[in-house]
Structure formats: C-alpha cells, structure tokens
>>> print(open('structure02.txt').read())   # compact mmCIF, C-alpha atoms
# COMPACT_ATOMS: atom_id res chain seq x y z
CA MET Y 1 128.74 94.84 79.64
CA HIS Y 2 128.64 98.62 79.28
CA GLU Y 3 126.31 100.69 81.44
CA ILE Y 4 124.62 103.95 80.50
CA ALA Y 5 122.75 106.28 82.82
CA ILE Y 6 119.89 108.13 81.18
CA ILE Y 7 118.64 111.14 83.13
CA SER Y 8 115.27 112.60 82.19
CA GLY Y 9 114.62 116.17 83.27
CA SER Y 10 110.98 116.01 82.24
CA PRO Y 11 108.62 116.38 85.20
CA PHE Y 12 105.95 114.47 83.26
CA GLN Y 13 105.92 110.76 82.57
CA ASN Y 14 104.93 109.93 78.99
CA SER Y 15 106.26 113.28 77.76
CA ARG Y 16 107.90 113.61 74.37
CA THR Y 17 111.26 113.96 76.09
CA ASP Y 18 110.75 110.73 78.02
CA GLY Y 19 109.49 109.04 74.85
CA ILE Y 20 112.66 109.94 72.95
CA LEU Y 21 114.85 108.88 75.87
CA ARG Y 22 112.98 105.55 76.09
CA TYR Y 23 113.52 105.11 72.33
CA LEU Y 24 117.27 105.68 72.82
CA GLU Y 25 117.15 103.23 75.74
CA ARG Y 26 115.55 100.51 73.55
CA THR Y 27 118.13 101.14 70.83
CA LEU Y 28 121.02 100.82 73.29
CA ILE Y 29 119.58 97.65 74.85
CA GLU Y 30 119.68 96.10 71.36
CA HIS Y 31 123.46 96.56 71.58
CA ASN Y 32 123.62 94.66 74.87
CA ILE Y 33 124.08 97.80 76.97
CA ARG Y 34 122.68 97.96 80.50
CA ILE Y 35 120.59 101.07 81.14
CA HIS Y 36 119.85 102.92 84.36
CA PHE Y 37 116.87 105.14 83.55
CA ILE Y 38 116.64 107.98 86.04
CA THR Y 39 113.90 110.55 86.02
CA VAL Y 40 113.39 113.62 88.16
CA SER Y 41 110.05 112.17 89.22
CA ASP Y 42 111.99 109.38 91.01
CA VAL Y 43 112.96 111.95 93.65
CA SER Y 44 110.46 113.34 96.10
CA ALA Y 45 109.70 117.05 96.04
CA GLU Y 46 110.79 117.21 99.68
CA ASP Y 47 114.26 115.87 98.81
CA LEU Y 48 114.60 118.18 95.80
CA ILE Y 49 113.35 121.40 97.36
CA GLY Y 50 114.87 120.61 100.75
CA CYS Y 51 118.30 119.97 99.17
CA ASN Y 52 118.56 116.58 100.85
CA PHE Y 53 122.03 115.55 99.70
CA ASN Y 54 121.86 112.52 102.00
CA SER Y 55 118.60 111.18 100.57
CA PRO Y 56 118.90 107.46 99.77
CA ILE Y 57 117.55 108.06 96.24
CA ILE Y 58 120.09 110.84 95.62
CA GLN Y 59 122.86 108.52 96.85
CA GLU Y 60 121.54 105.75 94.56
CA ILE Y 61 121.39 108.09 91.55
CA THR Y 62 124.93 109.28 92.28
CA GLU Y 63 126.23 105.70 92.35
CA LYS Y 64 124.44 104.79 89.11
CA VAL Y 65 125.83 107.84 87.30
CA LYS Y 66 129.35 107.42 88.68
CA GLY Y 67 129.31 103.73 87.75
CA ALA Y 68 128.10 104.34 84.20
CA ASP Y 69 130.37 104.34 81.16
CA GLY Y 70 128.39 107.22 79.66
CA VAL Y 71 125.41 109.43 80.38
CA ILE Y 72 122.51 110.77 78.35
CA VAL Y 73 120.81 113.85 79.80
CA GLY Y 74 117.47 114.88 78.36
CA SER Y 75 115.17 117.80 79.02
CA PRO Y 76 112.31 119.68 77.47
CA VAL Y 77 112.98 123.34 76.75
CA TYR Y 78 111.30 125.64 79.27
CA LYS Y 79 111.83 129.41 78.99
CA SER Y 80 114.80 128.89 76.64
CA ALA Y 81 116.60 126.49 79.00
CA TYR Y 82 116.46 122.99 80.51
CA SER Y 83 113.80 122.27 83.12
CA GLY Y 84 114.25 123.74 86.58
CA VAL Y 85 113.59 120.40 88.20
CA LEU Y 86 116.52 118.91 86.22
CA LYS Y 87 118.76 121.68 87.56
CA THR Y 88 117.50 121.01 91.07
CA LEU Y 89 118.40 117.31 90.74
CA ILE Y 90 121.80 118.08 89.21
CA ASP Y 91 122.54 120.48 92.07
CA LEU Y 92 122.22 117.56 94.50
CA LEU Y 93 124.81 115.45 92.67
CA PRO Y 94 128.57 115.74 93.28
CA GLN Y 95 130.41 118.38 91.24
CA ASP Y 96 132.48 115.72 89.44
CA VAL Y 97 129.68 113.21 88.82
CA PHE Y 98 130.24 113.20 85.02
CA GLU Y 99 134.04 113.35 85.17
CA GLY Y 100 135.69 111.58 82.24
CA LYS Y 101 132.38 110.35 80.84
CA PRO Y 102 130.91 111.06 77.44
CA VAL Y 103 127.59 112.83 77.94
CA LEU Y 104 125.01 113.07 75.18
CA PRO Y 105 122.64 116.02 75.67
CA VAL Y 106 119.09 115.65 74.30
CA MET Y 107 116.45 118.38 74.23
CA THR Y 108 112.92 118.65 72.89
CA GLY Y 109 111.25 121.94 72.16
CA GLY Y 110 108.21 123.49 70.58
CA SER Y 111 110.11 124.96 67.62
CA LYS Y 112 113.56 125.23 66.08
CA ALA Y 113 113.78 128.70 67.61
CA HIS Y 114 114.86 127.03 70.88
CA LEU Y 115 117.69 125.01 69.33
CA LEU Y 116 120.34 127.18 70.98
CA ALA Y 117 119.10 126.13 74.43
CA LEU Y 118 121.15 122.98 73.84
CA GLU Y 119 124.32 125.01 73.23
CA TYR Y 120 123.86 127.77 75.77
CA THR Y 121 122.24 126.02 78.72
CA LEU Y 122 122.48 122.20 78.77
CA LYS Y 123 126.01 121.80 77.41
CA PRO Y 124 127.54 124.29 79.89
CA LEU Y 125 125.74 122.49 82.74
CA ILE Y 126 127.26 119.17 81.63
CA SER Y 127 130.70 120.75 81.27
CA SER Y 128 130.50 122.19 84.78
CA LEU Y 129 130.13 118.61 86.05
CA LYS Y 130 133.31 117.67 84.14
CA GLY Y 131 131.55 115.58 81.48
CA HIS Y 132 132.81 115.27 77.92
CA THR Y 133 129.91 116.88 76.09
CA LEU Y 134 129.04 115.47 72.70
CA LYS Y 135 127.28 117.32 69.87
CA GLY Y 136 123.80 116.54 71.13
CA ILE Y 137 120.32 116.01 69.79
CA TYR Y 138 117.54 118.60 69.51
CA LEU Y 139 114.08 117.50 68.40
CA VAL Y 140 111.04 119.62 67.62
CA GLU Y 141 107.96 118.21 69.35
CA SER Y 142 105.97 118.13 66.09
CA GLU Y 143 108.55 115.61 64.76
CA ILE Y 144 107.71 113.16 67.57
CA ASP Y 145 104.81 110.69 67.66
CA LEU Y 146 104.89 108.56 70.79
CA LYS Y 147 102.23 106.23 69.40
CA GLN Y 148 104.78 104.90 66.93
CA ALA Y 149 107.41 102.28 67.86
CA GLN Y 150 109.84 104.56 66.05
CA PRO Y 151 108.76 107.95 67.46
CA ILE Y 152 110.93 110.24 65.29
CA LEU Y 153 108.83 111.01 62.23
CA ASP Y 154 111.35 112.76 59.98
CA THR Y 155 113.76 110.30 58.34
CA ASP Y 156 116.68 112.76 58.26
CA VAL Y 157 116.20 113.69 61.91
CA ARG Y 158 115.99 109.99 62.85
CA GLU Y 159 119.21 109.24 60.95
CA ARG Y 160 121.02 112.16 62.62
CA THR Y 161 119.77 110.98 66.01
CA LEU Y 162 121.00 107.43 65.44
CA LYS Y 163 124.31 108.78 64.13
CA GLN Y 164 124.78 110.75 67.37
CA LEU Y 165 123.93 107.62 69.36
CA ASP Y 166 126.51 105.65 67.34
CA TYR Y 167 129.13 108.31 67.98
CA PHE Y 168 128.27 108.18 71.69
CA THR Y 169 128.74 104.40 71.87
CA GLU Y 170 131.95 104.58 69.81
CA PHE Y 171 133.32 107.13 72.25
CA ILE Y 172 132.47 104.83 75.15
CA GLU Y 173 134.35 101.98 73.44
CA LYS Y 174 137.43 104.20 73.02
CA VAL Y 175 137.39 105.29 76.64
CA SER Y 176 136.83 101.81 78.08
CA ASP Y 177 138.70 99.65 75.53
CA ARG Y 178 135.80 97.19 75.65
CA PRO Y 179 133.70 96.57 72.54
CA ILE Y 180 129.96 97.10 72.50
CA GLU Y 181 128.26 93.99 71.23
CA SER Y 182 124.99 93.50 69.42
CA LYS Y 183 122.65 90.81 70.73
>>> encode(input="structure02.txt", output="structure tokens")
Amino acid sequence: MHEIAIISGSPFQNSRTDGILRYLERTLIEHNIRIHFITVSDVSAEDLIGCNFNSPIIQEITEKVKGADGVIVGSPVYKSAYSGVLKTLIDLLPQDVFEGKPVLPVMTGGSKAHLLALEYTLKPLISSLKGHTLKGIYLVESEIDLKQAQPILDTDVRERTLKQLDYFTEFIEKVSDRPIESK
C-alpha cells in the first residue's frame, strides 16, 4: 500500500486550505492509499519558536514524511508567500526530507493575483528539500465551499485539480514500481 504525507501549513483548522487538503485525502483514500495528515497545529508553539529539533512530534513528522511515497504540501497565501508557520515547521525537518519524492504543492489565495506565490515561493522551498516538484494546484478562495462534499465549485478547476492528483499518483507508481489500486 502506498503512503502519502499531506502537510498543511494553515494555522487554522477548518480553513479553505485544510478543506482542500482533506478533499485530496478522501480522493486518495478511495485509491487505497494510506494518508498521514500533518498540520502545523500538531506542533506546539514552544517547539516551533524554540527550534526544538529533538521534539518527539518533529521526529514523528520526519519519519512519516521520509517513509511516504509522495508528499502534498499545502498553504494559504500570506503576503505573497506560504505561511510563516509552514516555513517554521519545514525549517525543523532534515534538509533532505523530500529527497527523491514527488511533491505536489497546493496553495489557496484570495485572488488570482497571488498565483505566482506557488511558483516563486512554495516550489523553491520544496526544491531546496530535494523534492521532485510537480506542477501544483492554486485555488482562489471564492471557488471553494467547504459545506459541499465536493468543495471545488468550478468544474474546470475541479477537473484540473483531479488531473494533477492523477499525475501525482502516476509519478508515485513509476518511482515505486507498485500499482495504485482502487478499492
């Protein structure tokens, strides 16, 4: 069974970013993929701000990410970049934590004007951790309704999102030589 680590850089539970990541999680589970959902709120402020590399939760997150076949990293756009708390968490992980893994970046923002945050901030961060960065997904918050089972309102955006998820799982299959199965 394949394993995916999903890292949410949203400091708020029930945010649009978390909602989209949970939607991707449900979709992957339908393909018999095991998910490790990690959120920055799993880590105490003391461990984050105090740079506690030896924190048990940081060690656990490191093991989950290193053991995963692929990683999805999601963040809301803040000040034209990913969230600072995501960067703080990433700084506590080993420099090679994504090495050899496909990594799907996902960002949500208030408008399409922030689309380049995906290209100029999140993708370089992933590359610095030696991940194989995929195209990525950017969603405008007005296109998301968390009250719906299918939270992406625009059909074209939903299809592009699922296409990126398919490409992500296909890449994992190529790297691991193990097929991903539907339930």
>>> residues_around(input="structure02.txt", residues="region 91-102 of chain Y", least_positions_apart="2", cutoff="7 Å", atoms="all atoms listed in the file", output="list in words")
Cys51, Phe53, Thr62, Val65, Lys66, Asp69, Gly70, Val71, Lys87, Thr88, Leu89, Leu104, Leu129, Lys130, Gly131, His132, Thr133, Leu134, Phe168, Phe171 and Ile172 of chain Y
>>> write_last_selection(input="structure02.txt", atoms="C-alpha atoms", output="PDB file, in the frame of the given file")
ATOM      1  CA  CYS Y  51     118.300 119.970  99.170  1.00  0.00           C
ATOM      2  CA  PHE Y  53     122.030 115.550  99.700  1.00  0.00           C
ATOM      3  CA  THR Y  62     124.930 109.280  92.280  1.00  0.00           C
ATOM      4  CA  VAL Y  65     125.830 107.840  87.300  1.00  0.00           C
ATOM      5  CA  LYS Y  66     129.350 107.420  88.680  1.00  0.00           C
ATOM      6  CA  ASP Y  69     130.370 104.340  81.160  1.00  0.00           C
ATOM      7  CA  GLY Y  70     128.390 107.220  79.660  1.00  0.00           C
ATOM      8  CA  VAL Y  71     125.410 109.430  80.380  1.00  0.00           C
ATOM      9  CA  LYS Y  87     118.760 121.680  87.560  1.00  0.00           C
ATOM     10  CA  THR Y  88     117.500 121.010  91.070  1.00  0.00           C
ATOM     11  CA  LEU Y  89     118.400 117.310  90.740  1.00  0.00           C
ATOM     12  CA  LEU Y 104     125.010 113.070  75.180  1.00  0.00           C
ATOM     13  CA  LEU Y 129     130.130 118.610  86.050  1.00  0.00           C
ATOM     14  CA  LYS Y 130     133.310 117.670  84.140  1.00  0.00           C
ATOM     15  CA  GLY Y 131     131.550 115.580  81.480  1.00  0.00           C
ATOM     16  CA  HIS Y 132     132.810 115.270  77.920  1.00  0.00           C
ATOM     17  CA  THR Y 133     129.910 116.880  76.090  1.00  0.00           C
ATOM     18  CA  LEU Y 134     129.040 115.470  72.700  1.00  0.00           C
ATOM     19  CA  PHE Y 168     128.270 108.180  71.690  1.00  0.00           C
ATOM     20  CA  PHE Y 171     133.320 107.130  72.250  1.00  0.00           C
ATOM     21  CA  ILE Y 172     132.470 104.830  75.150  1.00  0.00           C
TER      22      ILE Y 172
END
>>> closest_residue(input="structure02.txt", among="Y:Val157, Y:Ile72, Y:Ile33, Y:Ile61", to="Glu143 (chain Y)", atoms="all atoms listed in the file")
Y:Val157
>>> closest_residue(input="structure02.txt", among="Y:Asp145, Y:Ala117, Y:Lys112, Y:Lys123", to="Asp18 (chain Y)", atoms="only C-alpha atoms")
Y:Asp145
>>> atom_distance(input="structure02.txt", atom1="CA of Gly67 (chain Y)", atom2="CA of Ser8 (chain Y)")
17.5 Å
>>> residues_near_point(input="structure02.txt", point="(116.6, 121.8, 69.9)", cutoff="7 Å", atoms="all atoms listed in the file", output="VMD selection string")
chain Y and resid 107 to 109 112 114 to 118 137 to 140
>>> atom_distance(input="structure02.txt", atom1="CA of Lys174 (chain Y)", atom2="CA of Leu162 (chain Y)")
18.4 Å
>>> axis_aligned_box(input="structure02.txt", around="region 78-97 of chain Y", padding_each_side="6 Å", output="JSON")
{"center_x": 121.9, "center_y": 121.3, "center_z": 85.6, "size_x": 33.2, "size_y": 28.2, "size_z": 29.9}
>>> closest_residue(input="structure02.txt", among="Y:Leu24, Y:Ile58, Y:Ala81, Y:Leu86", to="Ile7 (chain Y)", atoms="all atoms listed in the file")
Y:Leu86
>>> atom_distance(input="structure02.txt", atom1="CA of Glu119 (chain Y)", atom2="CA of Glu25 (chain Y)")
23.1 Å
>>> closest_residue(input="structure02.txt", among="Y:Ile20, Y:Ala68, Y:Leu122, Y:Ile57", to="Ser176 (chain Y)", atoms="all atoms listed in the file")
Y:Ala68
>>> closest_residue(input="structure02.txt", among="Y:Tyr120, Y:Ile35, Y:Asp47, Y:Leu146", to="Ser80 (chain Y)", atoms="only C-alpha atoms")
Y:Tyr120
>>> residues_around(input="structure02.txt", residues="Pro105 (chain Y)", least_positions_apart="2", cutoff="6 Å", atoms="all atoms listed in the file", output="PyMOL selection string")
chain Y and resi 72-74+136
>>> closest_residue(input="structure02.txt", among="Y:Asp166, Y:Asp42, Y:Glu3, Y:Asp154", to="Thr27 (chain Y)", atoms="all atoms listed in the file")
Y:Asp166
